[in-house]
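J.: Quick one: this structure, given as C-alpha cells, is what I'll be asking you about.
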Amino acid sequence: MELYLYIALFAPLVGSLYAALFGGSPKSQHVGIVASGLLFTSFVSSALLLSYVLGGHTVHVEMMTWIATGDLYIPFGFVVDQVSVVMMMVVTIVSTVVHIYSIGYMDHDKGFNRFFSWLSAFVFSMMVLVMSDNFAGLFIGWEGVGLCSWGLIGFWYHKESATWAANEAFIMNRIADLGMLIGIFLLYWNTGSLQYDVVFAEIGNLPLVVTTWIGIFLFIGAMGKSAQFPLHTWLADAMEGPTPVSALIHAATMVTAGVYLVVRANPIYDLIPNVGIFIASLGAFVALFAASMALVNRDMKRIIAYSTLSQLGYMFVAAGLGAYWVALFHLMAHAFFKALLFLGAGNVMHAMHDELDPFKMGGLRKVMKGTFIMMTLASVALAGIYPFAGFFSKDLILEVGFVEHHYVIYTVLLLTAGLTAFYSFRLVALIFHGEERYKLFGIHPHEAYKFMLVAMSPLLVLAIIAGSFKMTYYQLVTSLLPSTQYHVHGEMTYWIMTIGTQLFVIAAIVFAYKKYSNWNSVPDGSSKLENSFGYKLLWNQYYIPKFYDEVFSKPYLELSKIAWKQIDLKIVDATVDGIANIIYKTGENTRDIQNGNLSTMLRWMVIGLVVLITLAVAFTVGYNAVGA
Amino acid sequence: MFEAIAFYLFAALTIVMFTITVMTSQALYAITAMAAGMIFISAFFFILGADFLGAIQIIVYTGAVMALYAFGMMFFDTTRDVVEKRTNPQIVFVLGVLAAVMVVAIFVAPIVSNNIQALYPIQEGVGNSQAVGMVLFTKYLVPFELAAVMLLVSMIGGIILAGKKMDKSLTLMAEEDISTMDDGFEPQAGGH
Amino acid sequence: MEITLSHYLVLSTILFAIGLVGVMRRKNLLMLFFATEILLNATNIAFAAISHYIGDLSGQMFAFFIIAIAASEVAIGLGLLIVWYKRTGKIDLDQMNSMRG
C-alpha cells in the first residue's frame, strides 16, 4: 500500500516537472496528455487506497527525516486515514477532470505547458497538505498551494488586473498564514511535537486558555485560505485566473483546506466549544453575506465565486458546531457540483469570447445543449433539491443547526439556501434562456469540444449521486471523527422541515426563472432598482474592498512613500553613496602617492613607520594602564 | 668614568660624521665621513666588550664596503656636485625627529629592558671571540651557513651585473665573434 | 657617571634618525646607499649594547648577520646601480619614474 501512497503523492509532481521541462516552448499536446495521465494514475492509486481504508486499515509512512535538531524532530511523514483518503479522492477526481478539460480549454493559449506545470504542482502541494501526518508538513502543502494559486491566478501576467489579483490573494493569505504559524508554534511549545497523534493525545492536558489561543490562531489560518470574512475579498478577485483554475483551486480544493484544517484538528476544537460557536456564527454570516453579494453581480464567475464563499460558510457552520463529518461531507459534495459549475461557465466563456456578463448572453441553450444540461443540474445540486448531492449535505447542516438549538444560525442558513437557489437560477436563466441578446454584440457562440464535455461527465454523475454514499461515508469517517448523529426529534418536525426547505428553495427557483428567463435588454444602470441603496451596497460588495483600500492600502502606500523618500533615499542610499564618495575622493586625493617618484615613496614609507611606532607606543601605554 | 668619557666622545664624533655624510653635497666628503663614522662605531663595540664584532666592523665596513663604494664612485661621474632638489626640508626633519622621539620613547620605557631575558648568557672565563664562535657554530649554524650562501650569491650577482658582456658565453661563441666583440662600453644615454 | 643601556639606545636612535633624514633627503642613489648603511649601523649599536647589558650573545649574532646582509646589499646594489647607469647615464632618484602609473 505504501507504493500506492507514493504514487498518489508523487505522480502529480512528476507531471509538473515534465511540463516544466517544456515550460518555455510553445504548446505541445503531449504535455497535457502526460500530466493528465499521471493525474489519473494518482487517482487510481487513491481509489485503491480508499478500498484499502474501507477495509478498516490505515497507511502511515515516514519517508525521511526532515528536521532533527535538539528536541525538535519533524519527519516527512504521510498518513492515509479515513479523513485524508476522502480528501485525496476529492482532489484527484476533480483535478483529473480539470486537467483533461484544460487540454481543451487552454488549447489556444501560449502558456499551455506552463499552465500544466503549475496545475500539477498545485495538485502535488494539495496532496502534501492532506496527506501529511504533522502540522509542519501541512504547512508546507499550505504554502505550496498558496504559491501555485498565486502563479495560476496571475497566469495571464500581462494583464494588470490578473497580477493585482494574484498579489492580493497571496498577501491576504500571508496575513492569515502568520496566524496559523503562531498556532503551530504554540502547539509545538506546549506539546513538544507536531505529529497529529502526539499533539491530539497531549492537547487535553493543556490549560484551556492555551488551547483556546491555539484554536483561534489555527482558525485565522483557515480563514485566510477559505476566504472567510474579513479576508474574503481575494476570492472574488481570484476569478482573473483561467476558469479551470477557478474550478480546481477556488471551488473544489484549496479554499476547502481551511475546512480540512478544522476537521483535522477536531480534537482541539472539541475542547473549546466557544471558539466553535464563533466559527459557526462567522460561517453563517459569511454564507448570507456572500450570497447577498451574488444576488446582484453581473460577472458570471464572480457569482459562482460568491456562491463558493457562501458554501464554505456552510461548511464552517457544521465544523464549528462539532459536526465534522457533515462539514467534510458537504466539502466533498460541493467540490463536485461547484467544479462542474465552473467548468460549465468556462465553456460559456469560451463560446462568448470571454464575455462574463450574463446579461449579454441569453438563449444559449440552443447552441450549447450539453453545457446547458450540466450547468442546470449542477445548479440544482447547489440549490439542494432532492435527490441531488447538495440536498443531503446541505440539509444535514441545516439539521445540525436545528438540533444543536442554534436557531438564529438555522434561520440564516435557511434564508441563504433560498438566496442560493435564486442567484444560481438567475444565472442559468440569464445565460441559457430568454432572447439571444449576444447577437447584439456580434458573437457566434459554439459548443465546447466533445471530449471536454465527456471529461466533465464524471463530475455530473457525482453531483447527482454523491448523496447516496452518505451511509458508507459516515461509517468510514466516523472511525476517526466524532460520530454524532443528527436527528431531529420527532418524525413530524423532520418532514415539515425538509419539505418546507424544499418548497422554499423551489419557490426561489421559480421566482428566479420568472424574473429572468424572458429578459430582453442589457441593463445600463438607469433603472430604479439599480439606483436603490441596497442594490448599490451589494453591487459594491458592501464597500469592503473600498474600505480596505482606504484604510489599509492607501496609508500603507503613503507610509511606503515616506519610507522611500525619507528613509531610503536620504538615509540608506545617502549612506551607501557617501561611503562610495568617500572612497572615490580618497582615491582622487591620494593619487599623488602613486606618482612613481621614488623619493616621495620613501617619504611615505617613513610616515608609515612613524605612524606604526606611534600606534605601538599608544597601545603599550594603554596596555600597561589596563594591566597595572 | 673612562667609559663615560669614551662613550660621549665617540657618540659626538659619530653623530657629527654621519650628519656630514647626510648633509654634504660633496660625494667625496660623504664617503670619507662615513668611513670615519664606521670606525668610531667599532669603538662602541670594543667598549661594550664585543671585540670580535668591532674587528669585523672595521674589516667589513671600512675595508670591504667602503672600498666597494670608492670603486663605485670612481665608476660614476661624482666629481660634480650632487644636485639635490630641496623640496620641503622641514617635513623631512620633522619626520626624522618624530621617528626618533617615538623610538626613544619605546626604548626608554622600563618595560622593554625588564622583559628581556638572556637566552645564551655570556660565559665567564671565555674570550669574546671564543664565545661568539661557540654560539655561532652551534645555535646559529644554519643562519650562518645561509648567510654564507647569501654572500656567495650576492658576489656572483654583483659580478654578473657589473661585468661586461656577461650575458654572452665565450665558450659557446665562435672565434671570429669573440674577436669582433666590442670591448669597452659607452653609457647609453637617453633611458629606455 | 654610569653609562646605561638607555644611553646606547638613545644614541642608536639619534643615528637612526640621521639615517632616515638622509634616506628622505637624498636624490643621488649612491648617497641613498650611504644613508642605508647608517641605518644598519645604528641598529648594530643597539644590538651590541643590549647584548652587553643583558649578558646574552644573541644580540651580537644579529649584528653579525646584519653586517653580512649589508655587505651583500652593497654588492648587489652597486651592481644594479652600474647597470642602471649604463642604461641611462644617470643615478638620480627623481628621474627613475618608470613606475609612474
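By order in the C-alpha cells, chains are A, B, ...; within a chain, residues start at 1; ligands start at 1, following the order shown.
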Give me the residues within 9 Å of Met96 of chain C as a PyMOL selection string, counting only C-alpha atoms and dropping any in the same chain fewer than 4 places off.
T.: (chain A and resi 596-598) or (chain C and resi 91-92)
J.: Create the file for the chosen residues now, containing N, CA and C atoms and written as a PDB file, in the first residue's frame.
T.:
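Saved to selection05.pdb:
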ATOM      1  N   GLY A 596      54.881  57.544  -8.806  1.00  0.00           N
ATOM      2  CA  GLY A 596      56.043  56.870  -9.370  1.00  0.00           C
ATOM      3  C   GLY A 596      57.369  57.484  -8.964  1.00  0.00           C
ATOM      4  N   ASN A 597      57.305  58.554  -8.190  1.00  0.00           N
ATOM      5  CA  ASN A 597      58.554  59.182  -7.751  1.00  0.00           C
ATOM      6  C   ASN A 597      59.068  58.451  -6.520  1.00  0.00           C
ATOM      7  N   LEU A 598      60.272  57.886  -6.631  1.00  0.00           N
ATOM      8  CA  LEU A 598      60.759  57.012  -5.567  1.00  0.00           C
ATOM      9  C   LEU A 598      61.038  57.762  -4.286  1.00  0.00           C
TER      10      LEU A 598
ATOM     11  N   ILE C  91      72.125  58.607 -12.151  1.00  0.00           N
ATOM     12  CA  ILE C  91      71.745  57.878 -10.944  1.00  0.00           C
ATOM     13  C   ILE C  91      70.904  58.770 -10.051  1.00  0.00           C
ATOM     14  N   ASP C  92      70.030  59.509 -10.695  1.00  0.00           N
ATOM     15  CA  ASP C  92      69.190  60.434  -9.941  1.00  0.00           C
ATOM     16  C   ASP C  92      67.833  59.791  -9.652  1.00  0.00           C
TER      17      ASP C  92
END
J.: With only C-alpha atoms considered, list every residue of chain A at most 12 Å from chain C, as a ChimeraX atom specification.
T.: /A:591-607,609-610
J.: Counting only C-alpha atoms, which of B:Ala99, B:Val16, B:Ala43, B:Met74 gets nearest to chain A?
T.: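 Of the candidates, the smallest distance to chain A is held by B:Ala99.
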J.: Given the choices B:Leu146, B:Gly72, B:Asp51, B:Phe137, which gets closest to chain C if the distance is worked out from only C-alpha atoms?
T.: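 Of B:Leu146, B:Gly72, B:Asp51, B:Phe137, the one nearest chain C is B:Gly72, counting only C-alpha atoms.
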J.: So that I can see what lies close to segment 54-58 of chain B, please list as a ChimeraX atom specification the residues with an atom at most 9 Å from it, counting only C-alpha atoms and leaving out residues fewer than 6 positions away in the same chain.
T.: /B:38-39,41-46,64 /C:64,67
J.: Would you mind exporting N, CA and C atoms of the selected residues as a PDB file, in the first residue's frame?
T.:
ATOM      1  N   MET B  38      82.100  54.788  10.639  1.00  0.00           N
ATOM      2  CA  MET B  38      82.123  53.333  10.827  1.00  0.00           C
ATOM      3  C   MET B  38      83.187  52.950  11.845  1.00  0.00           C
ATOM      4  N   ILE B  39      84.348  53.581  11.727  1.00  0.00           N
ATOM      5  CA  ILE B  39      85.427  53.247  12.662  1.00  0.00           C
ATOM      6  C   ILE B  39      85.051  53.655  14.062  1.00  0.00           C
ATOM      7  N   ILE B  41      82.153  53.782  15.263  1.00  0.00           N
ATOM      8  CA  ILE B  41      81.154  52.831  15.776  1.00  0.00           C
ATOM      9  C   ILE B  41      81.827  51.581  16.309  1.00  0.00           C
ATOM     10  N   SER B  42      82.898  51.144  15.630  1.00  0.00           N
ATOM     11  CA  SER B  42      83.591  49.948  16.141  1.00  0.00           C
ATOM     12  C   SER B  42      84.131  50.203  17.535  1.00  0.00           C
ATOM     13  N   ALA B  43      84.418  51.480  17.843  1.00  0.00           N
ATOM     14  CA  ALA B  43      84.870  51.804  19.184  1.00  0.00           C
ATOM     15  C   ALA B  43      83.805  51.436  20.216  1.00  0.00           C
ATOM     16  N   PHE B  44      82.537  51.707  19.891  1.00  0.00           N
ATOM     17  CA  PHE B  44      81.461  51.319  20.820  1.00  0.00           C
ATOM     18  C   PHE B  44      81.470  49.831  21.068  1.00  0.00           C
ATOM     19  N   PHE B  45      81.725  49.055  20.030  1.00  0.00           N
ATOM     20  CA  PHE B  45      81.740  47.606  20.193  1.00  0.00           C
ATOM     21  C   PHE B  45      82.831  47.186  21.143  1.00  0.00           C
ATOM     22  N   PHE B  46      83.986  47.840  21.012  1.00  0.00           N
ATOM     23  CA  PHE B  46      85.075  47.490  21.931  1.00  0.00           C
ATOM     24  C   PHE B  46      84.700  47.865  23.343  1.00  0.00           C
ATOM     25  N   ALA B  64      85.895  46.449   3.321  1.00  0.00           N
ATOM     26  CA  ALA B  64      85.253  45.955   2.099  1.00  0.00           C
ATOM     27  C   ALA B  64      84.219  46.914   1.546  1.00  0.00           C
TER      28      ALA B  64
ATOM     29  N   PHE C  64      76.126  40.460  13.600  1.00  0.00           N
ATOM     30  CA  PHE C  64      76.923  39.788  12.561  1.00  0.00           C
ATOM     31  C   PHE C  64      76.132  39.628  11.284  1.00  0.00           C
ATOM     32  N   ILE C  67      75.646  42.718   9.425  1.00  0.00           N
ATOM     33  CA  ILE C  67      76.829  43.124   8.660  1.00  0.00           C
ATOM     34  C   ILE C  67      76.935  42.316   7.373  1.00  0.00           C
TER      35      ILE C  67
END
J.: Within 6 Å of segment 94-99 of chain A, counting only C-alpha atoms, which residues qualify if same-chain residues fewer than 2 places away don't, as a VMD selection string?
T.: chain A and resid 36 39 to 40 91 to 92 101 to 102 244 455
J.: Go ahead and save the residues from that selection, with N, CA and C atoms, as a short mmCIF file (atom, residue, chain, number, x, y, z; two decimals), in the first residue's frame.
T.:
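This is the output file result-v8.cif:
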data_model
loop_
_atom_site.label_atom_id
_atom_site.label_comp_id
_atom_site.auth_asym_id
_atom_site.auth_seq_id
_atom_site.Cartn_x
_atom_site.Cartn_y
_atom_site.Cartn_z
N SER A 36 -2.16 14.80 -17.49
CA SER A 36 -3.46 14.24 -17.16
C SER A 36 -3.34 12.76 -16.84
N LEU A 39 -2.02 12.31 -13.47
CA LEU A 39 -3.07 12.62 -12.50
C LEU A 39 -4.04 11.47 -12.37
N PHE A 40 -4.35 10.85 -13.51
CA PHE A 40 -5.26 9.71 -13.48
C PHE A 40 -4.62 8.56 -12.69
N VAL A 91 -9.69 15.49 -4.31
CA VAL A 91 -8.64 16.24 -5.02
C VAL A 91 -8.30 15.56 -6.33
N THR A 92 -8.10 14.26 -6.29
CA THR A 92 -7.64 13.59 -7.52
C THR A 92 -8.76 13.54 -8.56
N TYR A 101 -9.99 18.57 -19.02
CA TYR A 101 -10.77 19.71 -19.52
C TYR A 101 -9.84 20.80 -20.02
N SER A 102 -8.74 21.03 -19.28
CA SER A 102 -7.84 22.12 -19.62
C SER A 102 -7.15 21.92 -20.96
N PRO A 244 -10.47 26.83 -15.47
CA PRO A 244 -10.17 25.55 -14.82
C PRO A 244 -9.50 25.74 -13.47
N ALA A 455 -15.19 14.78 -20.33
CA ALA A 455 -14.36 14.87 -19.14
C ALA A 455 -15.18 15.38 -17.96
#
J.: What lies within 7 Å of segment 394-399 of chain A using only C-alpha atoms, ignoring chain neighbours under 3 positions off, as a PDB file with N, CA and C atoms, in the first residue's frame?
T.:
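And here's selection-v4.pdb as it stands now:
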ATOM      1  N   ALA A 318     -21.008  23.792  10.084  1.00  0.00           N
ATOM      2  CA  ALA A 318     -21.015  22.402  10.523  1.00  0.00           C
ATOM      3  C   ALA A 318     -19.790  22.092  11.368  1.00  0.00           C
ATOM      4  N   VAL A 326     -20.069  16.061   8.878  1.00  0.00           N
ATOM      5  CA  VAL A 326     -21.009  16.743   7.992  1.00  0.00           C
ATOM      6  C   VAL A 326     -20.269  17.782   7.149  1.00  0.00           C
ATOM      7  N   HIS A 330     -20.108  17.834   3.137  1.00  0.00           N
ATOM      8  CA  HIS A 330     -20.515  18.947   2.277  1.00  0.00           C
ATOM      9  C   HIS A 330     -19.343  19.415   1.420  1.00  0.00           C
ATOM     10  N   GLY A 384     -29.763  22.346  -3.700  1.00  0.00           N
ATOM     11  CA  GLY A 384     -30.097  21.351  -2.687  1.00  0.00           C
ATOM     12  C   GLY A 384     -31.442  20.701  -2.890  1.00  0.00           C
ATOM     13  N   GLY A 390     -26.321  18.030  -3.230  1.00  0.00           N
ATOM     14  CA  GLY A 390     -26.443  19.181  -2.339  1.00  0.00           C
ATOM     15  C   GLY A 390     -27.532  18.995  -1.294  1.00  0.00           C
ATOM     16  N   PHE A 391     -28.573  18.273  -1.652  1.00  0.00           N
ATOM     17  CA  PHE A 391     -29.666  18.085  -0.716  1.00  0.00           C
ATOM     18  C   PHE A 391     -29.188  17.397   0.550  1.00  0.00           C
ATOM     19  N   PHE A 402     -30.271  23.087  13.689  1.00  0.00           N
ATOM     20  CA  PHE A 402     -31.536  22.977  14.400  1.00  0.00           C
ATOM     21  C   PHE A 402     -31.387  22.122  15.641  1.00  0.00           C
ATOM     22  N   VAL A 403     -30.735  20.968  15.471  1.00  0.00           N
ATOM     23  CA  VAL A 403     -30.610  20.021  16.586  1.00  0.00           C
ATOM     24  C   VAL A 403     -29.768  20.620  17.710  1.00  0.00           C
ATOM     25  N   TYR A 410     -29.675  28.611  12.133  1.00  0.00           N
ATOM     26  CA  TYR A 410     -30.562  27.811  11.278  1.00  0.00           C
ATOM     27  C   TYR A 410     -31.354  28.722  10.351  1.00  0.00           C
ATOM     28  N   LEU A 413     -29.180  30.231   7.674  1.00  0.00           N
ATOM     29  CA  LEU A 413     -28.812  29.254   6.657  1.00  0.00           C
ATOM     30  C   LEU A 413     -29.991  28.940   5.759  1.00  0.00           C
ATOM     31  N   TYR A 486     -27.195  13.339  13.753  1.00  0.00           N
ATOM     32  CA  TYR A 486     -28.062  14.493  13.958  1.00  0.00           C
ATOM     33  C   TYR A 486     -29.457  14.152  13.454  1.00  0.00           C
ATOM     34  N   VAL A 488     -33.478  15.094  13.911  1.00  0.00           N
ATOM     35  CA  VAL A 488     -34.463  15.991  14.502  1.00  0.00           C
ATOM     36  C   VAL A 488     -35.432  15.151  15.328  1.00  0.00           C
TER      37      VAL A 488
END
J.: Show me which bits of chain B are within 10 Å of chain A, counting only C-alpha atoms, as a ChimeraX atom specification.
T.: /B:91-92,95-103,105-106,109,111
J.: For segment 70-76 of chain C, work out the shell of residues within 7 Å, counting only C-alpha atoms and skipping chain neighbours fewer than 3 positions away, then give it as number ranges by chain.
T.: B: 65, 151, 154-155, 157-158; C: 66-67, 79-80
J.: Put those residues in a file: N, CA and C atoms, as a CSV table (one decimal), in the first residue's frame.
T.:
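For reference, again16.csv as written:
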chain,number,residue,atom,x,y,z
B,65,VAL,N,83.3,47.3,2.4
B,65,VAL,CA,82.1,48.1,1.9
B,65,VAL,C,82.6,49.4,1.4
B,151,LEU,N,76.0,35.6,0.8
B,151,LEU,CA,77.2,36.3,0.3
B,151,LEU,C,77.7,35.9,-1.0
B,154,SER,N,75.4,37.0,-3.7
B,154,SER,CA,75.5,38.4,-4.0
B,154,SER,C,76.8,38.7,-4.7
B,155,MET,N,77.8,37.9,-4.4
B,155,MET,CA,79.1,38.1,-5.1
B,155,MET,C,78.9,37.8,-6.6
B,157,GLY,N,76.1,37.7,-8.2
B,157,GLY,CA,75.2,38.7,-8.7
B,157,GLY,C,75.9,39.9,-9.1
B,158,GLY,N,76.8,40.4,-8.2
B,158,GLY,CA,77.5,41.6,-8.4
B,158,GLY,C,78.4,41.5,-9.6
C,66,ILE,N,73.6,41.2,10.4
C,66,ILE,CA,73.3,42.4,9.7
C,66,ILE,C,74.5,42.9,8.9
C,67,ILE,N,75.6,42.7,9.4
C,67,ILE,CA,76.8,43.1,8.7
C,67,ILE,C,76.9,42.3,7.4
C,79,GLY,N,76.0,46.7,-8.1
C,79,GLY,CA,75.9,46.1,-9.4
C,79,GLY,C,74.7,46.6,-10.2
C,80,LEU,N,73.5,46.7,-9.5
C,80,LEU,CA,72.3,47.2,-10.1
C,80,LEU,C,72.5,48.7,-10.5
J.: Quick one: pull the distance between atom CA of Gly362 of chain A and atom CA of Phe432 of chain A, Å, one decimal.
T.: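 Pair atom CA of Gly362 of chain A / atom CA of Phe432 of chain A returns 5.1 Å.
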